>>> print(open('structure.csv').read())   # CSV, C-alpha atoms
chain,number,residue,atom,x,y,z
A,1,GLY,CA,13.8,7.4,-3.3
A,2,PRO,CA,12.7,5.7,-6.5
A,3,GLU,CA,9.0,6.8,-6.0
A,4,PHE,CA,10.2,10.4,-5.8
A,5,ASP,CA,12.3,10.0,-8.9
A,6,TRP,CA,9.3,8.5,-10.7
A,7,ILE,CA,7.1,11.5,-9.8
A,8,CYS,CA,9.8,13.9,-10.9
A,9,GLU,CA,10.2,12.1,-14.2
A,10,ALA,CA,6.5,12.2,-14.8
A,11,ILE,CA,6.3,15.9,-14.1
A,12,LEU,CA,9.4,16.6,-16.3
A,13,ALA,CA,7.9,14.5,-19.2
A,14,ALA,CA,4.6,16.5,-18.9
A,15,LEU,CA,6.5,19.8,-18.9
A,16,CYS,CA,8.5,18.8,-21.9
A,17,MET,CA,5.3,17.8,-23.8
A,18,HIS,CA,3.7,21.1,-22.7
A,19,MET,CA,6.7,23.0,-24.1
A,20,ARG,CA,6.6,21.0,-27.4
A,21,MET,CA,2.8,21.7,-27.7
A,22,LYS,CA,3.3,25.4,-26.9
A,23,SER,CA,5.9,25.7,-29.7
A,24,GLN,CA,3.6,23.6,-32.0
A,25,ASP,CA,6.2,20.8,-32.3
A,26,ALA,CA,3.6,18.3,-31.1
A,27,PHE,CA,-0.1,18.0,-31.0
A,28,VAL,CA,-2.1,15.9,-28.5
A,29,ARG,CA,-5.6,14.9,-29.0
A,30,ILE,CA,-7.3,14.4,-25.6
A,31,PRO,CA,-10.8,13.2,-24.9
A,32,LEU,CA,-13.2,16.1,-24.3
A,33,ILE,CA,-13.9,14.9,-20.8
A,34,LEU,CA,-10.3,15.7,-19.8
A,35,ALA,CA,-10.8,19.3,-20.9
A,36,GLU,CA,-14.0,19.7,-19.1
A,37,PRO,CA,-13.7,22.8,-16.8
A,38,ALA,CA,-14.7,21.0,-13.6
A,39,PHE,CA,-12.1,18.3,-14.2
A,40,VAL,CA,-9.4,20.8,-15.0
A,41,PHE,CA,-10.4,22.8,-11.9
A,42,GLU,CA,-9.9,19.7,-9.7
A,43,LEU,CA,-6.5,19.0,-11.3
A,44,ARG,CA,-5.3,22.5,-10.7
A,45,ASN,CA,-6.4,22.3,-7.0
A,46,GLY,CA,-4.0,19.4,-6.3
A,47,VAL,CA,-5.9,16.2,-7.3
A,48,ALA,CA,-3.2,15.3,-9.8
A,49,ILE,CA,-0.2,15.5,-7.4
A,50,ARG,CA,-2.2,13.8,-4.6
A,51,SER,CA,-2.9,11.0,-7.1
A,52,LEU,CA,0.7,10.7,-8.0
A,53,HIS,CA,1.7,10.5,-4.3
A,54,ARG,CA,-0.9,7.7,-3.8
A,55,LEU,CA,0.4,5.8,-6.8
A,56,SER,CA,3.9,6.2,-5.5
A,57,PHE,CA,3.0,5.0,-2.0
A,58,MET,CA,1.1,2.0,-3.4
A,59,SER,CA,4.0,1.1,-5.7
A,60,ARG,CA,6.4,1.2,-2.7
A,61,LEU,CA,4.0,-0.8,-0.5
A,62,ASN,CA,3.5,-3.3,-3.2
A,63,GLY,CA,7.3,-3.9,-3.4
A,64,VAL,CA,7.6,-4.3,0.3
A,65,ILE,CA,4.7,-6.7,0.5
A,66,GLU,CA,6.0,-8.7,-2.5
A,67,GLU,CA,9.4,-9.1,-0.8
A,68,ALA,CA,7.7,-10.5,2.3
A,69,ILE,CA,5.5,-12.8,0.2
A,70,ASP,CA,8.5,-14.0,-1.8
A,71,ARG,CA,10.3,-14.8,1.4
A,72,ILE,CA,7.3,-16.8,2.7
A,73,ILE,CA,7.0,-18.7,-0.6
A,74,SER,CA,10.8,-19.5,-0.5
A,75,ASP,CA,10.4,-20.8,3.1
A,76,LEU,CA,7.3,-22.9,2.3
A,77,GLY,CA,8.8,-24.6,-0.8
A,78,TYR,CA,7.3,-26.1,-3.9
A,79,GLU,CA,5.5,-29.0,-2.1
A,80,GLU,CA,3.6,-26.8,0.4
A,81,MET,CA,2.7,-24.2,-2.3
A,82,GLY,CA,1.3,-27.1,-4.4
A,83,LYS,CA,-0.8,-28.2,-1.5
A,84,ARG,CA,-2.1,-24.6,-1.3
A,85,GLY,CA,-3.3,-24.8,-4.9
A,86,CYS,CA,-0.4,-22.9,-6.6
A,87,PRO,CA,-0.5,-24.0,-10.2
A,88,THR,CA,3.2,-23.4,-11.0
A,89,ASN,CA,6.7,-23.9,-9.6
A,90,ASP,CA,7.9,-20.8,-11.4
A,91,TYR,CA,6.7,-18.1,-9.1
A,92,SER,CA,8.3,-15.4,-11.2
A,93,THR,CA,5.3,-15.8,-13.6
A,94,LEU,CA,2.9,-14.8,-10.9
A,95,ASP,CA,2.1,-11.2,-10.0
A,96,VAL,CA,2.0,-10.2,-6.3
A,97,ASP,CA,-1.8,-10.5,-6.1
A,98,LEU,CA,-1.7,-14.2,-7.3
A,99,LYS,CA,1.2,-15.0,-4.9
A,100,ALA,CA,-0.8,-13.4,-2.1
A,101,ARG,CA,-3.7,-15.9,-2.6
A,102,HIS,CA,-1.5,-18.7,-1.5
A,103,VAL,CA,-0.3,-17.3,1.8
A,104,SER,CA,-2.2,-16.2,4.8
A,105,ILE,CA,-2.5,-12.6,6.1
A,106,GLU,CA,-0.9,-13.9,9.4
A,107,GLU,CA,2.1,-15.1,7.4
A,108,ILE,CA,2.4,-11.8,5.5
A,109,MET,CA,2.2,-9.8,8.7
A,110,HIS,CA,4.9,-11.9,10.3
A,111,ALA,CA,7.2,-11.7,7.3
A,112,LEU,CA,6.5,-8.0,7.0
A,113,GLY,CA,7.3,-7.4,10.6
A,114,ILE,CA,10.6,-9.1,10.2
A,115,ASN,CA,11.3,-7.2,6.9
A,116,LEU,CA,10.5,-3.8,8.5
A,117,ILE,CA,13.1,-4.3,11.3
A,118,SER,CA,15.8,-6.2,9.4
A,119,PRO,CA,19.3,-4.8,9.6
A,120,GLU,CA,19.5,-4.5,5.8
A,121,SER,CA,16.6,-2.0,5.9
A,122,GLY,CA,18.4,0.1,8.5
A,123,GLY,CA,15.8,-1.0,11.1
A,124,HIS,CA,12.8,0.5,9.2
A,125,ARG,CA,11.4,0.8,5.7
A,126,PHE,CA,8.8,3.6,6.3
A,127,LYS,CA,9.3,6.9,7.9
A,128,THR,CA,7.7,7.1,11.4
A,129,ILE,CA,6.3,10.1,13.1
A,130,ALA,CA,8.7,11.2,15.8
A,131,SER,CA,6.3,13.3,17.9
A,132,GLU,CA,3.6,11.5,19.8
A,133,SER,CA,1.9,14.8,20.3
A,134,PHE,CA,1.1,15.0,16.6
A,135,LEU,CA,-0.9,11.8,16.6
A,136,THR,CA,-3.0,10.2,19.3
A,137,ARG,CA,-3.4,6.5,18.9
A,138,ALA,CA,-6.3,4.5,20.1
A,139,PRO,CA,-5.5,2.8,23.4
A,140,TRP,CA,-5.8,-0.6,21.9
A,141,TRP,CA,-3.5,0.1,18.9
A,142,ASP,CA,-0.2,-1.8,18.9
A,143,ARG,CA,2.5,-3.0,16.4
A,144,SER,CA,0.1,-5.6,15.0
A,145,CYS,CA,-2.2,-2.8,14.1
A,146,ASP,CA,0.6,-1.0,12.3
A,147,LEU,CA,1.3,-4.1,10.3
A,148,GLY,CA,-2.4,-4.7,9.8
A,149,LEU,CA,-2.8,-1.2,8.3
A,150,LEU,CA,-0.1,-1.9,5.8
A,151,VAL,CA,-1.5,-5.3,4.8
A,152,GLY,CA,-5.0,-4.0,4.8
A,153,THR,CA,-4.0,-1.2,2.5
A,154,PHE,CA,-2.5,-3.7,0.2
A,155,PHE,CA,-5.6,-5.9,0.1
A,156,HIS,CA,-8.4,-3.2,0.5
A,157,GLY,CA,-6.8,-0.1,-1.0
A,158,ILE,CA,-5.8,3.3,0.4
A,159,GLY,CA,-8.4,4.8,2.8
A,160,ASN,CA,-10.7,1.8,2.7
A,161,TYR,CA,-10.8,1.8,6.5
A,162,GLU,CA,-14.2,0.3,7.0
A,163,ALA,CA,-13.3,-2.8,5.0
A,164,MET,CA,-10.0,-3.1,7.0
A,165,ARG,CA,-11.9,-2.6,10.3
A,166,VAL,CA,-14.3,-5.4,9.6
A,167,ASP,CA,-11.8,-7.8,8.0
A,168,GLU,CA,-11.5,-10.5,10.7
A,169,GLN,CA,-8.1,-11.6,9.4
A,170,LEU,CA,-6.7,-8.2,10.3
A,171,PRO,CA,-6.2,-7.4,14.0
A,172,PHE,CA,-8.6,-4.4,14.3
A,173,VAL,CA,-11.9,-6.2,15.1
A,174,ASN,CA,-10.3,-8.4,17.8
A,175,ARG,CA,-8.3,-5.6,19.4
A,176,MET,CA,-11.3,-3.3,19.5
A,177,ASN,CA,-13.6,-5.9,20.9
A,178,HIS,CA,-11.1,-7.0,23.5
A,179,TYR,CA,-10.6,-3.4,24.6
A,180,VAL,CA,-14.3,-2.7,24.9
A,181,LYS,CA,-14.9,-6.0,26.8
A,182,TYR,CA,-12.2,-5.3,29.4
A,183,ASN,CA,-12.8,-1.6,29.7
A,184,ARG,CA,-16.6,-1.5,29.7
A,185,SER,CA,-16.9,-1.3,33.5
A,186,ALA,CA,-14.0,1.2,33.9
>>> encode(input="structure.csv", output="structure tokens")
Amino acid sequence: GPEFDWICEAILAALCMHMRMKSQDAFVRIPLILAEPAFVFELRNGVAIRSLHRLSFMSRLNGVIEEAIDRIISDLGYEEMGKRGCPTNDYSTLDVDLKARHVSIEEIMHALGINLISPESGGHRFKTIASESFLTRAPWWDRSCDLGLLVGTFFHGIGNYEAMRVDEQLPFVNRMNHYVKYNRSA
């Protein structure tokens, strides 16, 4: 997909620059901290490629979330968006973070759920794990938690699970509390 192409282009550009530097056709002045041995060691051990993969994922997620938010805004219309404090009728001037301030997480999850199963997307937008033996889900986990994880990643960042877990607008707190309450005596 486009994110893979972006990673490949970044690697190719870096290799081209490396070859130009090696042949002394180009010189690059880099901050000393970037040449620091511990930093270079971390890069060589995979930090750079993992960072590119994370950027790629966040870029893809950002696009999916923005499509969902744009659909919500279109359905709400100018009058409702004005009531919600949106300062403009030209939504193309707003980045996705500003648009997200004027819609609820519930609206985003609903629109995202529709977007992920729409026929145009072939029924799904993200690869799913085929084998249940690979991953054991919590007994309280359901589709709303899948959507909550995507929305939580958009709002809180990759791996910020504690912030997602305690965010009462996401489904995790209520699902866990409900599960504990009804399974305490079992």
>>> closest_residue(input="structure.csv", among="A:Arg165, A:Arg175, A:Lys99, A:His156", to="A:Arg143", atoms="only C-alpha atoms")
A:Arg175
>>> residues_around(input="structure.csv", residues="stretch 103-117 of chain A", least_positions_apart="2", cutoff="12 Å", atoms="only C-alpha atoms", output="PyMOL selection string")
chain A and resi 61-77+80-86+96-101+119-128+143-152+154-155+167-171
>>> atom_distance(input="structure.csv", atom1="atom CA of A:Arg29", atom2="atom CA of A:Ala14")
14.4 Å
>>> residues_around(input="structure.csv", residues="stretch 51-59 of chain A", least_positions_apart="4", cutoff="9 Å", atoms="all atoms listed in the file", output="PyMOL selection string")
chain A and resi 2-4+6-7+46-47+63-64+153-154+157-158
>>> write_last_selection(input="structure.csv", atoms="C-alpha atoms", output="mmCIF file, in the coordinates of the input")
data_model
loop_
_atom_site.group_PDB
_atom_site.id
_atom_site.type_symbol
_atom_site.label_atom_id
_atom_site.label_comp_id
_atom_site.auth_asym_id
_atom_site.auth_seq_id
_atom_site.Cartn_x
_atom_site.Cartn_y
_atom_site.Cartn_z
ATOM 1 C CA PRO A 2 12.700 5.700 -6.500
ATOM 2 C CA GLU A 3 9.000 6.800 -6.000
ATOM 3 C CA PHE A 4 10.200 10.400 -5.800
ATOM 4 C CA TRP A 6 9.300 8.500 -10.700
ATOM 5 C CA ILE A 7 7.100 11.500 -9.800
ATOM 6 C CA GLY A 46 -4.000 19.400 -6.300
ATOM 7 C CA VAL A 47 -5.900 16.200 -7.300
ATOM 8 C CA GLY A 63 7.300 -3.900 -3.400
ATOM 9 C CA VAL A 64 7.600 -4.300 0.300
ATOM 10 C CA THR A 153 -4.000 -1.200 2.500
ATOM 11 C CA PHE A 154 -2.500 -3.700 0.200
ATOM 12 C CA GLY A 157 -6.800 -0.100 -1.000
ATOM 13 C CA ILE A 158 -5.800 3.300 0.400
#
>>> atom_distance(input="structure.csv", atom1="atom CA of A:Tyr182", atom2="atom CA of A:Arg137")
18.1 Å
>>> atom_distance(input="structure.csv", atom1="atom CA of A:Asn177", atom2="atom CA of A:Trp140")
9.5 Å
>>> build_atoms(input="structure.csv", residues="stretch 5-25 of chain A", atoms="N, CA, C and O atoms", output="CSV table (one decimal), keeping the file's coordinate frame")
chain,number,residue,atom,x,y,z
A,5,ASP,N,11.7,9.9,-7.6
A,5,ASP,CA,12.3,10.0,-8.9
A,5,ASP,C,11.2,9.8,-10.0
A,5,ASP,O,11.2,10.5,-11.0
A,6,TRP,N,10.3,8.8,-9.8
A,6,TRP,CA,9.3,8.5,-10.7
A,6,TRP,C,8.3,9.7,-10.9
A,6,TRP,O,8.0,10.1,-12.0
A,7,ILE,N,8.0,10.3,-9.7
A,7,ILE,CA,7.1,11.5,-9.8
A,7,ILE,C,7.8,12.6,-10.5
A,7,ILE,O,7.2,13.3,-11.4
A,8,CYS,N,9.1,12.9,-10.2
A,8,CYS,CA,9.8,13.9,-10.9
A,8,CYS,C,9.9,13.7,-12.4
A,8,CYS,O,9.7,14.6,-13.2
A,9,GLU,N,10.2,12.4,-12.8
A,9,GLU,CA,10.2,12.1,-14.2
A,9,GLU,C,8.9,12.3,-14.9
A,9,GLU,O,8.8,12.8,-16.0
A,10,ALA,N,7.8,12.0,-14.2
A,10,ALA,CA,6.5,12.2,-14.8
A,10,ALA,C,6.2,13.7,-15.0
A,10,ALA,O,5.7,14.1,-16.0
A,11,ILE,N,6.5,14.5,-14.0
A,11,ILE,CA,6.3,15.9,-14.1
A,11,ILE,C,7.2,16.5,-15.2
A,11,ILE,O,6.7,17.3,-16.0
A,12,LEU,N,8.5,16.1,-15.3
A,12,LEU,CA,9.4,16.6,-16.3
A,12,LEU,C,8.9,16.2,-17.7
A,12,LEU,O,8.9,17.0,-18.6
A,13,ALA,N,8.4,15.0,-17.9
A,13,ALA,CA,7.9,14.5,-19.2
A,13,ALA,C,6.7,15.4,-19.6
A,13,ALA,O,6.5,15.8,-20.7
A,14,ALA,N,5.8,15.7,-18.6
A,14,ALA,CA,4.6,16.5,-18.9
A,14,ALA,C,5.0,17.9,-19.2
A,14,ALA,O,4.5,18.5,-20.2
A,15,LEU,N,6.0,18.5,-18.5
A,15,LEU,CA,6.5,19.8,-18.9
A,15,LEU,C,7.1,19.9,-20.3
A,15,LEU,O,6.9,20.8,-21.0
A,16,CYS,N,7.9,18.8,-20.6
A,16,CYS,CA,8.5,18.8,-21.9
A,16,CYS,C,7.5,18.7,-23.0
A,16,CYS,O,7.5,19.4,-24.0
A,17,MET,N,6.4,17.9,-22.8
A,17,MET,CA,5.3,17.8,-23.8
A,17,MET,C,4.6,19.1,-23.8
A,17,MET,O,4.2,19.6,-24.9
A,18,HIS,N,4.4,19.8,-22.7
A,18,HIS,CA,3.7,21.1,-22.7
A,18,HIS,C,4.5,22.1,-23.5
A,18,HIS,O,3.9,22.8,-24.3
A,19,MET,N,5.8,22.1,-23.4
A,19,MET,CA,6.7,23.0,-24.1
A,19,MET,C,6.6,22.7,-25.7
A,19,MET,O,6.6,23.6,-26.5
A,20,ARG,N,6.6,21.4,-26.0
A,20,ARG,CA,6.6,21.0,-27.4
A,20,ARG,C,5.2,21.4,-28.0
A,20,ARG,O,5.1,21.9,-29.1
A,21,MET,N,4.2,21.3,-27.2
A,21,MET,CA,2.8,21.7,-27.7
A,21,MET,C,2.7,23.2,-27.8
A,21,MET,O,2.2,23.7,-28.8
A,22,LYS,N,3.3,23.9,-26.9
A,22,LYS,CA,3.3,25.4,-26.9
A,22,LYS,C,4.0,25.9,-28.2
A,22,LYS,O,3.6,26.9,-28.8
A,23,SER,N,5.1,25.3,-28.5
A,23,SER,CA,5.9,25.7,-29.7
A,23,SER,C,5.4,25.0,-31.0
A,23,SER,O,5.9,25.2,-32.0
A,24,GLN,N,4.3,24.3,-30.9
A,24,GLN,CA,3.6,23.6,-32.0
A,24,GLN,C,4.5,22.6,-32.6
A,24,GLN,O,4.3,22.3,-33.8
A,25,ASP,N,5.4,22.0,-31.9
A,25,ASP,CA,6.2,20.8,-32.3
A,25,ASP,C,5.4,19.5,-32.2
A,25,ASP,O,5.8,18.5,-32.7
